[in-house]
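The structure appears right after this line, and notes come after that.
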Amino acid sequence: MTTYLKLLTTTVYDGVGGVRDYIIKLKHYLNKGNEMKVELGEKFLKWLILESLLASFDAVKLTYNALKEEWTLEELMSIVVQHEVSLKKNETHSLALVDYYPKSAILRL
């Protein structure tokens, strides 16, 4: 029981894997804890998910907190995944080009 609770509260989203997999993993840990008579609700899970997301998801957090109605876990997952896709689409990549010139080549110029 404590293993699943520990995993639930210490697992963080690192931005490397998909956010959907991360949320499913947390839901699994919550369900395992609930099977062992530790009653943690979906509301707690939604709070935990939002708190553990990276700063790039702050717009989702602000929107969720500003709304009067609560999203279901499925709605939250869908919105967070859409935001992740949007972030990846708008991601820019940069490349730094560095040349190496030995001193002898510079002196010959």
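Labeling convention for the structure tokens: chains A, B, ... as they appear, residues from 1 per chain, ligands from 1 in order of appearance.
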Using 12 Å as the limit and counting only C-alpha atoms, can you tabulate each residue of range 25-65 of chain A that touches range 79-83 of chain A, with its shortest atom-to-atom distance in Å and the two atoms involved, as a tab-separated table?
```
residue	atom	partner	partner_atom	distance
A:Lys46	CA	A:Val80	CA	11.3
A:Ile49	CA	A:Val80	CA	9.9
A:Leu50	CA	A:Val80	CA	9.2
A:Leu53	CA	A:Val80	CA	9.4
A:Leu54	CA	A:Val80	CA	11.2
A:Ser56	CA	A:His83	CA	9.1
A:Phe57	CA	A:His83	CA	7.4
A:Asp58	CA	A:His83	CA	10.3
A:Ala59	CA	A:His83	CA	8.9
A:Val60	CA	A:Val80	CA	7.0
A:Lys61	CA	A:Val80	CA	9.4
A:Thr63	CA	A:Ile79	CA	10.5
A:Tyr64	CA	A:Ile79	CA	10.0
```
Would you save the residues from that selection as a short mmCIF file (atom, residue, chain, number, x, y, z; two decimals), in the first residue's frame, using N, CA and C atoms?
```
data_model
loop_
_atom_site.label_atom_id
_atom_site.label_comp_id
_atom_site.auth_asym_id
_atom_site.auth_seq_id
_atom_site.Cartn_x
_atom_site.Cartn_y
_atom_site.Cartn_z
N LYS A 46 -6.46 14.90 -9.80
CA LYS A 46 -6.40 16.04 -10.73
C LYS A 46 -5.50 17.13 -10.17
N ILE A 49 -1.87 15.98 -10.53
CA ILE A 49 -1.43 16.06 -11.93
C ILE A 49 -1.07 17.50 -12.28
N LEU A 50 -1.97 18.42 -11.98
CA LEU A 50 -1.73 19.82 -12.32
C LEU A 50 -0.51 20.38 -11.59
N LEU A 53 2.94 19.15 -13.24
CA LEU A 53 3.28 19.46 -14.62
C LEU A 53 4.34 20.55 -14.69
N LEU A 54 5.07 20.56 -15.78
CA LEU A 54 6.12 21.55 -15.99
C LEU A 54 5.52 22.95 -16.18
N SER A 56 5.69 24.83 -18.60
CA SER A 56 5.14 25.03 -19.94
C SER A 56 3.63 24.72 -19.99
N PHE A 57 3.10 24.11 -18.93
CA PHE A 57 1.67 23.82 -18.84
C PHE A 57 0.94 24.82 -17.94
N ASP A 58 1.57 25.92 -17.61
CA ASP A 58 0.95 26.91 -16.72
C ASP A 58 -0.36 27.46 -17.27
N ALA A 59 -0.47 27.59 -18.59
CA ALA A 59 -1.72 28.09 -19.19
C ALA A 59 -2.88 27.15 -18.89
N VAL A 60 -2.63 25.85 -18.92
CA VAL A 60 -3.66 24.87 -18.60
C VAL A 60 -4.05 24.98 -17.13
N LYS A 61 -3.06 25.12 -16.26
CA LYS A 61 -3.32 25.26 -14.82
C LYS A 61 -4.17 26.49 -14.54
N THR A 63 -6.16 28.12 -16.59
CA THR A 63 -7.50 27.94 -17.13
C THR A 63 -8.34 27.06 -16.21
N TYR A 64 -7.77 25.97 -15.75
CA TYR A 64 -8.49 25.05 -14.86
C TYR A 64 -8.91 25.77 -13.58
#
```
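For range 3-8 of chain A, the residues within 10 Å (counting only C-alpha atoms, excluding itself and residues fewer than 2 positions away along the chain) are Met1, Thr10, Thr11, Val12, Lys25, Leu26, Lys27, His28, Tyr29, Leu30, Asn31, Lys32, Gly33, Asn34, Met36, Val38, Leu40, Leu45, Leu48 and Ile49 of chain A.
Coordinates place CA of Glu70 in chain A at a distance of 25.3 Å from CA of Lys37 in chain A.
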Those in chain A with helix (DSSP H, G or I) from DSSP, as a PyMOL selection string: chain A and resi 2-10+19-35+42-52+55-66+73-89+103-108
